[in-house]
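Trainee: Structure supplied as model_21.cif; contents: mmCIF, C-alpha atoms.
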data_my_file
loop_
_atom_site.group_PDB
_atom_site.id
_atom_site.type_symbol
_atom_site.label_atom_id
_atom_site.label_comp_id
_atom_site.auth_asym_id
_atom_site.auth_seq_id
_atom_site.Cartn_x
_atom_site.Cartn_y
_atom_site.Cartn_z
ATOM 1 C CA MET A 29 13.208 6.412 20.012
ATOM 2 C CA LYS A 30 15.301 5.102 17.101
ATOM 3 C CA ALA A 31 14.446 1.491 17.972
ATOM 4 C CA GLN A 32 10.753 2.380 18.265
ATOM 5 C CA PHE A 33 10.857 4.027 14.825
ATOM 6 C CA GLU A 34 12.645 1.044 13.294
ATOM 7 C CA THR A 35 9.946 -1.257 14.673
ATOM 8 C CA LEU A 36 7.211 1.006 13.288
ATOM 9 C CA TYR A 37 8.948 1.148 9.928
ATOM 10 C CA ARG A 38 9.413 -2.622 9.653
ATOM 11 C CA THR A 39 5.837 -3.264 10.754
ATOM 12 C CA TYR A 40 4.014 -0.740 8.549
ATOM 13 C CA ARG A 41 6.243 -0.003 5.552
ATOM 14 C CA ASP A 42 4.372 -2.407 3.262
ATOM 15 C CA THR A 43 0.963 -1.216 4.447
ATOM 16 C CA VAL A 44 1.896 2.438 3.894
ATOM 17 C CA TYR A 45 3.539 1.762 0.522
ATOM 18 C CA ASN A 46 0.627 -0.372 -0.735
ATOM 19 C CA TYR A 47 -1.905 2.284 0.245
ATOM 20 C CA LEU A 48 0.117 5.021 -1.481
ATOM 21 C CA TYR A 49 0.697 2.883 -4.567
ATOM 22 C CA TYR A 50 -3.014 2.213 -4.964
ATOM 23 C CA MET A 51 -3.697 5.913 -4.571
ATOM 24 C CA CYS A 52 -1.217 7.146 -7.193
ATOM 25 C CA ARG A 53 -0.463 4.042 -9.327
ATOM 26 C CA GLU A 54 3.168 5.047 -9.772
ATOM 27 C CA GLU A 55 5.834 2.914 -8.123
ATOM 28 C CA GLU A 56 8.484 5.638 -7.777
ATOM 29 C CA LEU A 57 5.995 8.235 -6.582
ATOM 30 C CA ALA A 58 4.610 5.783 -4.021
ATOM 31 C CA LYS A 59 8.154 5.112 -2.780
ATOM 32 C CA ASP A 60 8.838 8.851 -2.507
ATOM 33 C CA LEU A 61 5.571 9.488 -0.668
ATOM 34 C CA ALA A 62 6.231 6.533 1.659
ATOM 35 C CA GLN A 63 9.680 7.927 2.430
ATOM 36 C CA GLU A 64 8.158 11.341 3.147
ATOM 37 C CA THR A 65 5.504 9.668 5.311
ATOM 38 C CA PHE A 66 8.104 7.876 7.423
ATOM 39 C CA LEU A 67 10.135 11.058 7.766
ATOM 40 C CA LYS A 68 7.013 12.764 9.150
ATOM 41 C CA ILE A 69 6.397 9.771 11.421
ATOM 42 C CA PHE A 70 9.948 9.964 12.755
ATOM 43 C CA GLN A 71 9.673 13.710 13.309
ATOM 44 C CA GLY A 72 6.316 13.343 15.048
ATOM 45 C CA MET A 73 7.017 10.343 17.258
ATOM 46 C CA ARG A 74 7.292 12.456 20.409
ATOM 47 C CA ARG A 75 3.840 13.911 19.725
ATOM 48 C CA PHE A 76 2.139 10.516 19.264
ATOM 49 C CA ARG A 77 -0.252 10.263 22.208
ATOM 50 C CA GLY A 78 -1.454 6.730 21.663
ATOM 51 C CA ASP A 79 -5.121 7.706 21.322
ATOM 52 C CA CYS A 80 -5.269 5.455 18.228
ATOM 53 C CA SER A 81 -3.281 2.467 17.048
ATOM 54 C CA GLU A 82 0.152 2.956 15.494
ATOM 55 C CA LYS A 83 -1.227 1.584 12.220
ATOM 56 C CA THR A 84 -3.999 4.176 12.199
ATOM 57 C CA TRP A 85 -1.527 6.919 13.001
ATOM 58 C CA CYS A 86 0.833 5.828 10.188
ATOM 59 C CA LEU A 87 -1.986 5.546 7.643
ATOM 60 C CA THR A 88 -3.368 8.945 8.662
ATOM 61 C CA ILE A 89 0.037 10.499 8.017
ATOM 62 C CA ALA A 90 0.295 8.593 4.711
ATOM 63 C CA ARG A 91 -3.121 9.845 3.617
ATOM 64 C CA ASN A 92 -2.301 13.421 4.585
ATOM 65 C CA THR A 93 1.022 13.180 2.736
ATOM 66 C CA PHE A 94 -0.781 11.894 -0.364
ATOM 67 C CA LEU A 95 -3.463 14.593 -0.161
ATOM 68 C CA SER A 96 -0.863 17.325 0.262
ATOM 69 C CA TYR A 97 1.093 16.060 -2.753
ATOM 70 C CA ALA A 98 -2.012 15.613 -4.910
ATOM 71 C CA ARG A 99 -3.392 19.074 -4.139
ATOM 72 C CA LYS A 100 -0.095 20.706 -5.107
ATOM 73 C CA LYS A 101 1.159 18.551 -7.973
ATOM 74 C CA GLN A 102 -1.599 16.341 -9.401
ATOM 75 C CA PRO A 103 -5.140 17.423 -8.461
ATOM 76 C CA MET A 104 -6.534 14.888 -10.926
ATOM 77 C CA LEU A 105 -5.556 12.146 -8.455
ATOM 78 C CA LEU A 106 -8.342 13.453 -6.220
ATOM 79 C CA GLU A 107 -11.035 13.317 -8.895
ATOM 80 C CA GLU A 108 -12.733 10.541 -10.759
ATOM 81 C CA GLU A 109 -10.665 9.368 -13.690
ATOM 82 C CA LEU A 110 -12.751 8.100 -16.570
ATOM 83 C CA SER A 111 -10.150 7.927 -19.326
ATOM 84 C CA THR A 112 -8.004 5.010 -18.125
ATOM 85 C CA GLU A 113 -7.228 2.542 -20.891
ATOM 86 C CA ALA A 114 -7.597 -1.200 -20.350
ATOM 87 C CA GLY A 115 -4.865 -3.543 -21.557
ATOM 88 C CA GLY A 116 -5.512 -5.956 -24.401
ATOM 89 C CA ASN A 117 -5.856 -9.741 -24.118
ATOM 90 C CA LEU A 118 -2.699 -11.764 -24.564
ATOM 91 C CA ASP A 119 -2.545 -15.342 -25.760
ATOM 92 C CA SER A 120 0.240 -17.359 -24.133
ATOM 93 C CA PRO A 121 0.951 -20.633 -22.343
ATOM 94 C CA LEU A 122 0.663 -18.694 -19.093
ATOM 95 C CA GLU A 123 -2.928 -17.761 -19.802
ATOM 96 C CA ALA A 124 -4.143 -18.222 -16.223
ATOM 97 C CA GLN A 125 -1.395 -15.939 -14.913
ATOM 98 C CA MET A 126 -2.170 -13.358 -17.571
ATOM 99 C CA ILE A 127 -5.867 -13.471 -16.745
ATOM 100 C CA ARG A 128 -5.061 -12.821 -13.076
ATOM 101 C CA ARG A 129 -2.845 -9.891 -14.052
ATOM 102 C CA GLU A 130 -5.513 -8.475 -16.337
ATOM 103 C CA GLU A 131 -8.155 -8.829 -13.640
ATOM 104 C CA SER A 132 -5.860 -7.129 -11.151
ATOM 105 C CA ALA A 133 -5.224 -4.295 -13.609
ATOM 106 C CA PHE A 134 -8.962 -4.038 -14.251
ATOM 107 C CA VAL A 135 -9.726 -3.847 -10.520
ATOM 108 C CA GLN A 136 -7.085 -1.108 -10.183
ATOM 109 C CA LYS A 137 -8.575 0.741 -13.142
ATOM 110 C CA VAL A 138 -12.039 0.684 -11.589
ATOM 111 C CA LEU A 139 -10.667 1.665 -8.164
ATOM 112 C CA PHE A 140 -8.942 4.624 -9.751
ATOM 113 C CA MET A 141 -12.245 5.784 -11.214
ATOM 114 C CA LEU A 142 -13.405 6.484 -7.664
ATOM 115 C CA LYS A 143 -12.703 9.703 -5.810
ATOM 116 C CA GLU A 144 -9.796 9.717 -3.358
ATOM 117 C CA GLU A 145 -11.932 9.290 -0.256
ATOM 118 C CA GLU A 146 -13.896 6.418 -1.824
ATOM 119 C CA ARG A 147 -10.658 4.623 -2.770
ATOM 120 C CA THR A 148 -9.208 5.244 0.666
ATOM 121 C CA ILE A 149 -12.201 3.897 2.558
ATOM 122 C CA LEU A 150 -12.425 0.780 0.347
ATOM 123 C CA LEU A 151 -8.714 0.026 0.465
ATOM 124 C CA LEU A 152 -8.329 0.551 4.190
ATOM 125 C CA ARG A 153 -11.467 -1.379 5.172
ATOM 126 C CA ASP A 154 -11.598 -4.158 2.589
ATOM 127 C CA CYS A 155 -7.888 -4.688 1.881
ATOM 128 C CA GLU A 156 -6.239 -3.676 5.152
ATOM 129 C CA GLY A 157 -9.100 -4.703 7.463
ATOM 130 C CA ILE A 158 -9.058 -1.417 9.402
ATOM 131 C CA ALA A 159 -11.895 -1.235 11.945
ATOM 132 C CA TYR A 160 -14.664 1.350 11.597
ATOM 133 C CA GLU A 161 -13.451 3.184 14.703
ATOM 134 C CA GLU A 162 -9.943 3.492 13.273
ATOM 135 C CA LEU A 163 -11.313 4.563 9.880
ATOM 136 C CA SER A 164 -13.290 7.313 11.562
ATOM 137 C CA ARG A 165 -10.057 8.636 13.069
ATOM 138 C CA ILE A 166 -8.137 8.427 9.806
ATOM 139 C CA LEU A 167 -10.873 10.173 7.822
ATOM 140 C CA GLY A 168 -11.948 12.544 10.586
ATOM 141 C CA ILE A 169 -15.615 11.524 10.440
ATOM 142 C CA THR A 170 -18.016 9.607 12.696
ATOM 143 C CA GLU A 171 -18.242 5.807 12.642
ATOM 144 C CA ALA A 172 -21.801 6.060 11.338
ATOM 145 C CA ASN A 173 -20.573 8.251 8.502
ATOM 146 C CA VAL A 174 -17.792 5.739 7.768
ATOM 147 C CA LYS A 175 -20.393 2.987 7.364
ATOM 148 C CA VAL A 176 -22.537 5.135 5.074
ATOM 149 C CA ARG A 177 -19.587 6.221 2.922
ATOM 150 C CA LEU A 178 -18.228 2.681 2.766
ATOM 151 C CA HIS A 179 -21.615 1.384 1.631
ATOM 152 C CA ARG A 180 -21.830 4.093 -1.042
ATOM 153 C CA ALA A 181 -18.256 3.484 -2.195
ATOM 154 C CA ARG A 182 -18.862 -0.265 -2.506
ATOM 155 C CA LYS A 183 -22.084 0.352 -4.403
ATOM 156 C CA LYS A 184 -20.372 2.808 -6.770
ATOM 157 C CA TYR A 185 -17.441 0.426 -7.260
ATOM 158 C CA ARG A 186 -19.790 -2.459 -8.150
ATOM 159 C CA LYS A 187 -21.689 -0.282 -10.619
ATOM 160 C CA LEU A 188 -18.492 0.979 -12.286
ATOM 161 C CA TYR A 189 -17.110 -2.555 -12.389
ATOM 162 C CA LEU A 190 -20.209 -3.828 -14.173
ATOM 163 C CA ILE A 191 -20.295 -0.878 -16.584
ATOM 164 C CA GLU A 192 -16.593 -1.148 -17.441
ATOM 165 C CA SER A 193 -16.829 -4.912 -17.905
ATOM 166 C CA GLY A 194 -19.762 -4.456 -20.297
ATOM 167 C CA ARG A 195 -22.192 -6.346 -18.071
ATOM 168 C CA MET A 196 -24.361 -3.271 -17.454
ATOM 169 C CA GLU A 197 -25.357 -0.232 -19.476
ATOM 170 C CA GLU A 198 -24.768 3.220 -18.007
#
What is this file in structure tokens?
Mentor:
Amino acid sequence: MKAQFETLYRTYRDTVYNYLYYMCREEELAKDLAQETFLKIFQGMRRFRGDCSEKTWCLTIARNTFLSYARKKQPMLLEEELSTEAGGNLDSPLEAQMIRREESAFVQKVLFMLKEEERTILLLRDCEGIAYEELSRILGITEANVKVRLHRARKKYRKLYLIESGRMEE
């Protein structure tokens, strides 16, 4: 069982951490939640039935760990956040690198304006490439509902992106 856990950990630690980081935007908190997630995975390995992929199982536990933390400690992580500040423009010889960083920060800012479930569905489908069937298991909804919610989340993200970038009026 220890070897199986070590394989799971090596395979999915980055995926779990990245998901948690995007959900909370705090490096140390994401590390703590990832550690708690893998503790729960280790404790629950005997109960894993294999009715979904290991990746789906790990991400489901990560999401539940995040939701549990957020409900108790930081409920605002579950809501839309509209007060995030954007960083200023910097002039330097590394302008292209700075522009990429700013764009990345802007994308994160807009992602964080979405509700938890909207962020989750976008990150897991568009960044992690999780299949609709697996998403339905993680979120506990039907595949058809996954497609509808994903479409709505993408549409909302695009609208917020355009509004925040000044390319569209509210």
Trainee: Could you list, as a list in words, every residue within 9 Å of Arg91 (chain A), counting all atoms listed in the file and ignoring same-chain residues fewer than 6 positions away?
Mentor: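 Using all atoms listed in the file, the neighbours found are Val44, Tyr47, Leu48, Thr65, Thr148, Ile166 and Leu167 of chain A.
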Trainee: Any idea what the distance is between CA of Met51 (chain A) and CA of Cys86 (chain A)?
Mentor: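 So the two atoms, CA of Met51 (chain A) and CA of Cys86 (chain A), lie 15.4 Å apart.
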Trainee: List the residues selected by the PyMOL selection byres ((chain A and resi 67) around 12) in the file shown, writing them as a VMD selection string.
Mentor: chain A and resid 33 to 34 36 to 37 41 60 to 66 68 to 73 86 89 to 90 93
Trainee: Rounded to one decimal in Å, what is the spacing between CA of Thr88 (chain A) and CA of Ser164 (chain A)?
Mentor: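 That distance, rounded to one decimal, is 10.5 Å.
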Trainee: Could you spell out the hits of the PyMOL selection byres ((chain A and resi 168-185) around 9) on the shown file, as a list of chain:residue names?
Mentor: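 On the file shown, the PyMOL selection byres ((chain A and resi 168-185) around 9) covers A:Val138, A:Leu139, A:Met141, A:Leu142, A:Glu145, A:Glu146, A:Arg147, A:Ile149, A:Leu150, A:Arg153, A:Tyr160, A:Glu161, A:Glu162, A:Leu163, A:Ser164, A:Arg165, A:Ile166, A:Leu167, A:Arg186, A:Lys187, A:Leu188, A:Tyr189, A:Leu190.
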Trainee: Please compute the CA of Ser96 (chain A)-CA of Cys52 (chain A) distance, one decimal, in Å.
Mentor: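 Separation between CA of Ser96 (chain A) and CA of Cys52 (chain A): 12.6 Å.
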Trainee: From the set A:Arg99, A:Arg74, A:Lys59, A:Arg53, which residue has the shortest atom-to-atom contact distance to Phe140 (chain A), counting only C-alpha atoms?
Mentor: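 Closest to Phe140 (chain A) of all the choices is A:Arg53.
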Trainee: Of the residues A:Ala98, A:Leu152, A:Leu87, A:Val135, which is the one nearest to Ser193 (chain A), using all atoms listed in the file?
Mentor: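 So, comparing all the options, the nearest one is A:Val135.
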